[in-house]
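Q: Quick one: structure below, then a few questions.
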4 protein chains.
Amino acid sequence: MRNVPAKLAAKLYGAADLIADKGIADAKIEEIADASGVPIATLYYYFRGKEEILAFLLGDLLESIAGEVGAAMSKPGTAIDRLKWAVEAQMRVMLENPAACRALVGDLGRATRLPELATALESAFHQPLEQLLREGVEDGTLRAVQDPGKAALSVFGTITIAGLTGTVAQPEHAASYAQETVQAVCDLLLEGLRPRE
Amino acid sequence: MRNVPAKLAAKLYGAADLIADKGIADAKIEEIADASGVPIATLYYYFRGKEEILAFLLGDLLESIAGEVGAAMSKPGTAIDRLKWAVEAQMRVMLENPAACRALVGDLGRATRLPELATALESAFHQPLEQLLREGVEDGTLRAVQDPGKAALSVFGTITIAGLTGTVAQPEHAASYAQETVQAVCDLLLEGLRPRE
Amino acid sequence: MRNVPAKLAAKLYGAADLIADKGIADAKIEEIADASGVPIATLYYYFRGKEEILAFLLGDLLESIAGEVGAAMSKPGTAIDRLKWAVEAQMRVMLENPAACRALVGDLGRATRLPELATALESAFHQPLEQLLREGVEDGTLRAVQDPGKAALSVFGTITIAGLTGTVAQPEHAASYAQETVQAVCDLLLEGLRPRE
Amino acid sequence: MRNVPAKLAAKLYGAADLIADKGIADAKIEEIADASGVPIATLYYYFRGKEEILAFLLGDLLESIAGEVGAAMSKPGTAIDRLKWAVEAQMRVMLENPAACRALVGDLGRATRLPELATALESAFHQPLEQLLREGVEDGTLRAVQDPGKAALSVFGTITIAGLTGTVAQPEHAASYAQETVQAVCDLLLEGLRPRE
DNA sequence: CATGAATGAGCTTTCATTCAT
DNA sequence: CATGAATGAAAGCTCATTCAT
């Protein structure tokens with residue numbers, strides 16, 4: 001993959017929706033060219049093939065999510081606050097990049113085929129999250145769960161499906177949807193479903 | 001789509017793994033034929049094309065999940081118990097049908113099949129779950145959350161991603177994985193992350 | 001080809017239009033089955049294959065044309081009268097069987113592939129016509145042309161294209177069209193285009 | 001259909017015989033590729049499918065016939081002379097392009113392409129011919145027939161079937177056949193079959 | 001005698017990719 | 001550096017045909 005000029009990258013986002021809707025396998029290179037306005041041959045000048053285009057788009061997304069989530073988690077504050085901020089950050093990035101986000105989820109189940117994807121997810125989400133859960137126990141703002149790894153996965157799953165549903169369902173009310181959903185998710189994850197006496 | 005004989009349906013499951021691994025777009029019809037033992041021409045006698053084969057498999061899966069989850073929720077017991085059973089049921093069915101399940105998630109963000117899929121998911125999971133949350137408030141075993149719809153979605157998302165991760169990661173230790181994960185998920189969802197005094 | 005029951009033959013005519021429009025190669029056996037109301041497998045019970053169905057329909061048509069034209073030529077009268085009757089007869093049969101007729105012409109150019117067709121045409125039209133031209137010279141009602149074979153062919157061609165145009169263009173005014181066309185054709189063929197002083 | 005380069009068009013004529021012999025439906029695309037020396041994928045780069053290839057060849061033929069016939073009719077001379085020249089011209093072009101010509105006739109009765117074909121034929125043959133017949137009346141070299149339209153059609157039919165028969169039957173003696181047939185056809189059409197006293 | 005179900009064989013078409021310009 | 005033109009290599013799909021009932 002050659003160094004992708006910013007102008008080209010910008011055009012490529014125009015094809016993200018297409019790829020998200022049809023999946024990379026069903027999105028024909030000609031369609032990607034049409035949707036992005038970049039000639040086929042030019043795509044091949046910069047990328048090795050279709051897969052690399054997807055990789056570029058997803059990589060971009062993951063980097064930006066990881067960056068934002070990481071930043072949210074690193075801000076000074078109690079673990080519980082930082083968890084909320086992280087949830088907000090992930091939800092925000094997802095709703096800001098609905099297409100790439102859907103493309104990402106579309107390939108979640110095929111993570112086997114995309115080891116890099118699995119690795120990237122691991123370091124972008126799970127590890128920071130797990131770390132945060134541990135820190136929450138230390139500072140006393142979070143409860144000690146038995147299996148922090150699975151808990152981190154659950155938190156990720158909750159936000160991901162909620163975010164995905166948002167990107168699919170209500171593109172126009174993204175802002176309010178995000179806020180409400182973040183609130184509901186945080187409430188559920190923090191307080192649980194069992195009544196507190 | 002012609003009426004699919006049971007014998008044929010049974011054979012088709014033999015191709016579910018293939019479809020889940022490669023995605024329907026990358027699974028060649030010849031491979032599906034080989035994996036299932038059904039001649040290509042016979043596949044086309046019963047189905048309009050590759051997509052319809054996937055639709056059939058997914059429809060079948062959703063029905064079976066909905067059935068099991070519904071049964072779990074309908075058993076006599078407190079809402080909190082029935083919620084646990086429902087979580088267990090969904091997890092069990094997912095791990096029993098890992099391939100179809102991964103294919104299903106692969107389609108979650110796709111626009112193509114979204115309408116039907118969304119509807120099917122809605123009635124198979126969200127509605128019963130929401131109903132259950134409400135009943136839990138009545139019988140006092142569950143807390144009243146502000147937005148039961150979003151809570152139901154979150155619960156679904158938690159289990160789904162956890163289940164999906166299980167199907168991808170550890171096909172051989174499915175049983176113990178399921179148990180542990182169900183426990184972790186239930187613990188998280190019921191008790192929440194904030195410490196109880 | 002088994003002995004074709006009248007009832008089946010009658011149904012088959014329902015597919016003649018289809019065959020005429022698309023040609024036998026493009027008319028799928030399933031379409032022929034649908035158009036005629038005869039199940040595919042039943043067609044194969046009576047015929048060896050698609051080609052034989054076409055052969056049956058064309059054979060039927062040619063027999064009936066040959067019969068009518070032959071009858072017209074055999075009636076007592078001068079050669080010039082019998083020629084007119086023959087022209088009328090061919091035109092009539094063509095307009096009565098427009099579909100089969102178009103199918104026939106559609107395969108005229110591939111007569112090489114259908115030797116029987118060429119032979120049948122030869123004996124149904126050319127030979128009687130040539131004979132008639134000769135008899136006209138004898139009874140003094142027709143002029144002696146240099147090459148009676150080519151003249152016979154020309155007469156056949158004139159009627160055939162005129163008839164074909166009729167079947168294609170104006171199915172509803174067949175009757176009047178036939179009459180006018182027969183008149184015009186006879187006038188042209190008998191009187192020629194050069195002025196008689 | 002993309003703009004077809006002359007070089008490609010030239011190669012395509014190499015497949016005309018094949019198409020004429022088997023009909024477009026029976027001519028496999030691979031055979032067309034072999035016969036023309038143009039790779040299959042290249043054919044599909046320029047044409048939408050097999051049918052479009054045929055359409056291109058027929059369109060080309062009709063244009064060339066129309067051009068030659070038009071030129072023959074436009075030469076200075078009496079109407080009767082120009083009619084002879086036109087007959088000669090059509091016969092010549094048909095025998096020069098026997099393959100495309102047979103393909104053309106094979107399509108005469110087909111509904112599929114009829115509208116365009118009918119229109120093309122109308123302007124290429126019928127109209128000029130009808131005009132010629134009228135001019136013949138004016139300059140006194142042709143007789144006034146009652147229905148010039150039908151007469152023009154008849155003339156066209158006579159030449160067409162005669163030409164077609166020639167292309168099918170005797171490809172090797174084309175030259176002499178053409179001469180004899182033109183003579184016979186002109187003789188018949190001009191003098192008629194009824195004896196002149 | 002008639003037919004629904006099933007399939008082998010092969011076709012058309014697609015599409016990612018290359019390369020001369 | 002960017003791209004229109006061209007193509008090799010599959011792949012999806014069709015369809016005539018068969019046969020058990």
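By order in the structure tokens, chains are A, B, ...; within a chain, residues start at 1; ligands start at 1, following the order shown.
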Distance cut-off 7 Å, counting only C-alpha atoms - which residues of chain A neighbour chain B? Return them as a VMD selection string.
A: chain A and resid 20 to 22 25 to 26 102 105 to 110 141 to 143 147 150 to 151 153 to 155 157 to 158 161 to 162 168 181 184 to 185 188 to 195
Q: I need the chain C residues near chain F as a list in words; criterion: at most 12 Å, counting only C-alpha atoms (C1' of nucleotides).
A: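 Going by the stated atoms only, the list reads Ala25, Asp26, Ala27, Lys28, Ile29, Glu30, Glu31, Ile40, Ala41, Leu43, Tyr44, Tyr45, Phe47, Arg48, Gly49, Lys50 and Glu51 of chain C.
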Q: Next, the residues of the selection above should be written as an mmCIF file, in the first residue's frame with N, CA, C and O atoms.
A:
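part-v8.cif written:
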```cif
data_model
loop_
_atom_site.group_PDB
_atom_site.id
_atom_site.type_symbol
_atom_site.label_atom_id
_atom_site.label_comp_id
_atom_site.auth_asym_id
_atom_site.auth_seq_id
_atom_site.Cartn_x
_atom_site.Cartn_y
_atom_site.Cartn_z
ATOM 1 N N ALA C 25 -34.365 -22.201 -30.571
ATOM 2 C CA ALA C 25 -33.187 -22.263 -29.705
ATOM 3 C C ALA C 25 -33.389 -21.446 -28.442
ATOM 4 O O ALA C 25 -32.910 -21.817 -27.378
ATOM 5 N N ASP C 26 -34.103 -20.359 -28.554
ATOM 6 C CA ASP C 26 -34.288 -19.488 -27.400
ATOM 7 C C ASP C 26 -35.547 -19.813 -26.609
ATOM 8 O O ASP C 26 -35.725 -19.335 -25.496
ATOM 9 N N ALA C 27 -36.426 -20.591 -27.213
ATOM 10 C CA ALA C 27 -37.636 -20.968 -26.497
ATOM 11 C C ALA C 27 -37.282 -22.102 -25.540
ATOM 12 O O ALA C 27 -36.934 -23.196 -25.974
ATOM 13 N N LYS C 28 -37.338 -21.842 -24.258
ATOM 14 C CA LYS C 28 -36.976 -22.877 -23.294
ATOM 15 C C LYS C 28 -38.086 -23.901 -23.185
ATOM 16 O O LYS C 28 -39.256 -23.555 -23.308
ATOM 17 N N ILE C 29 -37.693 -25.113 -22.956
ATOM 18 C CA ILE C 29 -38.678 -26.179 -22.891
ATOM 19 C C ILE C 29 -39.709 -25.885 -21.805
ATOM 20 O O ILE C 29 -40.883 -26.223 -21.936
ATOM 21 N N GLU C 30 -39.266 -25.235 -20.762
ATOM 22 C CA GLU C 30 -40.202 -24.909 -19.677
ATOM 23 C C GLU C 30 -41.225 -23.880 -20.171
ATOM 24 O O GLU C 30 -42.401 -23.941 -19.806
ATOM 25 N N GLU C 31 -40.764 -22.947 -20.989
ATOM 26 C CA GLU C 31 -41.695 -21.961 -21.533
ATOM 27 C C GLU C 31 -42.683 -22.632 -22.470
ATOM 28 O O GLU C 31 -43.880 -22.308 -22.477
ATOM 29 N N ILE C 40 -43.582 -30.587 -18.835
ATOM 30 C CA ILE C 40 -42.311 -30.866 -19.491
ATOM 31 C C ILE C 40 -42.115 -32.351 -19.744
ATOM 32 O O ILE C 40 -41.800 -32.784 -20.862
ATOM 33 N N ALA C 41 -42.292 -33.117 -18.676
ATOM 34 C CA ALA C 41 -42.015 -34.547 -18.793
ATOM 35 C C ALA C 41 -42.914 -35.199 -19.827
ATOM 36 O O ALA C 41 -42.534 -36.179 -20.479
ATOM 37 N N LEU C 43 -44.002 -33.716 -22.556
ATOM 38 C CA LEU C 43 -43.435 -33.387 -23.863
ATOM 39 C C LEU C 43 -42.365 -34.417 -24.217
ATOM 40 O O LEU C 43 -42.301 -34.907 -25.350
ATOM 41 N N TYR C 44 -41.544 -34.750 -23.212
ATOM 42 C CA TYR C 44 -40.468 -35.698 -23.468
ATOM 43 C C TYR C 44 -40.974 -37.119 -23.646
ATOM 44 O O TYR C 44 -40.270 -37.967 -24.153
ATOM 45 N N TYR C 45 -42.201 -37.343 -23.180
ATOM 46 C CA TYR C 45 -42.781 -38.662 -23.397
ATOM 47 C C TYR C 45 -43.147 -38.826 -24.879
ATOM 48 O O TYR C 45 -43.015 -39.904 -25.438
ATOM 49 N N PHE C 47 -42.024 -36.534 -27.478
ATOM 50 C CA PHE C 47 -40.998 -36.079 -28.421
ATOM 51 C C PHE C 47 -39.594 -36.349 -27.895
ATOM 52 O O PHE C 47 -39.384 -36.408 -26.685
ATOM 53 N N ARG C 48 -38.670 -36.487 -28.811
ATOM 54 C CA ARG C 48 -37.286 -36.767 -28.437
ATOM 55 C C ARG C 48 -36.617 -35.537 -27.823
ATOM 56 O O ARG C 48 -35.695 -35.653 -27.034
ATOM 57 N N GLY C 49 -37.066 -34.366 -28.207
ATOM 58 C CA GLY C 49 -36.433 -33.147 -27.709
ATOM 59 C C GLY C 49 -37.087 -31.938 -28.347
ATOM 60 O O GLY C 49 -38.095 -32.054 -29.065
ATOM 61 N N LYS C 50 -36.503 -30.794 -28.061
ATOM 62 C CA LYS C 50 -37.074 -29.547 -28.549
ATOM 63 C C LYS C 50 -37.218 -29.534 -30.066
ATOM 64 O O LYS C 50 -38.247 -29.139 -30.612
ATOM 65 N N GLU C 51 -36.150 -29.948 -30.726
ATOM 66 C CA GLU C 51 -36.138 -29.892 -32.189
ATOM 67 C C GLU C 51 -37.309 -30.668 -32.779
ATOM 68 O O GLU C 51 -37.892 -30.258 -33.780
#
```
Q: Considering only C-alpha atoms (C1' of nucleotides), return as an NGL selection string whatever protein or nucleic-acid residues lie within 8 Å of stretch 85-91 of chain D, sequence-local ones (same chain, fewer than 2 positions apart) excluded.
A: :D and (65 or 68-70 or 72-73 or 81-83 or 93-95 or 159-160 or 163 or 178 or 182 or 186)
Q: Return as a ChimeraX atom specification the residues belonging to chain E that are within 9 Å of chain C, counting only C-alpha atoms (C1' of nucleotides).
A: /E:2-4
Q: Give me a file of those residues, with all heavy atoms, as a compact mmCIF listing (two decimals), in the first residue's frame.
A:
```txt
# COMPACT_ATOMS: atom_id res chain seq x y z
P DA E 2 -50.86 -40.08 -21.87
OP1 DA E 2 -52.09 -39.34 -22.16
OP2 DA E 2 -49.77 -40.10 -22.85
O5' DA E 2 -50.28 -39.52 -20.48
C5' DA E 2 -51.14 -39.57 -19.36
C4' DA E 2 -50.46 -38.93 -18.17
O4' DA E 2 -49.46 -39.83 -17.63
C3' DA E 2 -49.73 -37.62 -18.47
O3' DA E 2 -50.19 -36.70 -17.48
C2' DA E 2 -48.25 -37.95 -18.33
C1' DA E 2 -48.26 -39.14 -17.38
N9 DA E 2 -47.21 -40.15 -17.56
C8 DA E 2 -46.78 -40.71 -18.73
N7 DA E 2 -45.85 -41.63 -18.58
C5 DA E 2 -45.65 -41.66 -17.20
C6 DA E 2 -44.79 -42.42 -16.40
N6 DA E 2 -43.94 -43.33 -16.87
N1 DA E 2 -44.85 -42.22 -15.06
C2 DA E 2 -45.71 -41.29 -14.58
N3 DA E 2 -46.57 -40.53 -15.24
C4 DA E 2 -46.48 -40.76 -16.56
P DT E 3 -49.67 -35.18 -17.57
OP1 DT E 3 -50.78 -34.33 -17.08
OP2 DT E 3 -49.04 -34.91 -18.87
O5' DT E 3 -48.52 -35.19 -16.46
C5' DT E 3 -48.87 -35.57 -15.14
C4' DT E 3 -47.64 -35.62 -14.27
O4' DT E 3 -46.82 -36.77 -14.62
C3' DT E 3 -46.70 -34.41 -14.40
O3' DT E 3 -46.46 -33.92 -13.10
C2' DT E 3 -45.43 -34.98 -14.98
C1' DT E 3 -45.47 -36.40 -14.43
N1 DT E 3 -44.64 -37.38 -15.19
C2 DT E 3 -43.80 -38.22 -14.49
O2 DT E 3 -43.71 -38.20 -13.28
N3 DT E 3 -43.08 -39.09 -15.26
C4 DT E 3 -43.11 -39.19 -16.64
O4 DT E 3 -42.42 -40.00 -17.23
C5 DT E 3 -44.01 -38.28 -17.30
C7 DT E 3 -44.13 -38.30 -18.79
C6 DT E 3 -44.72 -37.42 -16.56
P DG E 4 -46.71 -32.43 -12.72
OP1 DG E 4 -48.13 -32.28 -12.40
OP2 DG E 4 -46.08 -31.51 -13.69
O5' DG E 4 -45.86 -32.38 -11.36
C5' DG E 4 -46.20 -33.29 -10.33
C4' DG E 4 -44.98 -33.67 -9.49
O4' DG E 4 -44.12 -34.59 -10.21
C3' DG E 4 -44.09 -32.51 -9.05
O3' DG E 4 -43.68 -32.77 -7.71
C2' DG E 4 -42.93 -32.56 -10.04
C1' DG E 4 -42.81 -34.05 -10.34
N9 DG E 4 -42.40 -34.35 -11.71
C8 DG E 4 -42.79 -33.69 -12.85
N7 DG E 4 -42.30 -34.19 -13.95
C5 DG E 4 -41.53 -35.26 -13.52
C6 DG E 4 -40.75 -36.19 -14.27
O6 DG E 4 -40.59 -36.25 -15.48
N1 DG E 4 -40.12 -37.11 -13.45
C2 DG E 4 -40.23 -37.14 -12.08
N2 DG E 4 -39.54 -38.11 -11.45
N3 DG E 4 -40.95 -36.29 -11.35
C4 DG E 4 -41.57 -35.37 -12.15
```
Q: Between atom CA of A:Ser74 and atom CA of A:Asn97, measure the distance and give it in Å to one decimal.
A: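 Atom-to-atom, atom CA of A:Ser74 and atom CA of A:Asn97 are spaced 22.6 Å apart.
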Q: Determine, counting only C-alpha atoms (C1' of nucleotides), which protein, DNA and RNA residues have an atom within 8 Å of an atom of B:Leu12; residues of the same chain fewer than 5 positions away are not included. Present the result as a list in words.
A: Ser36, Val38 and Leu57 of chain B
Q: Give the helix (DSSP H, G or I) residues of stretch 20-154 of chain C, as DSSP finds them on the backbone, and put them as a VMD selection string.
A: chain C and resid 20 to 26 29 to 36 40 to 46 50 to 74 79 to 96 98 to 106 108 to 113 115 to 139 148 to 154
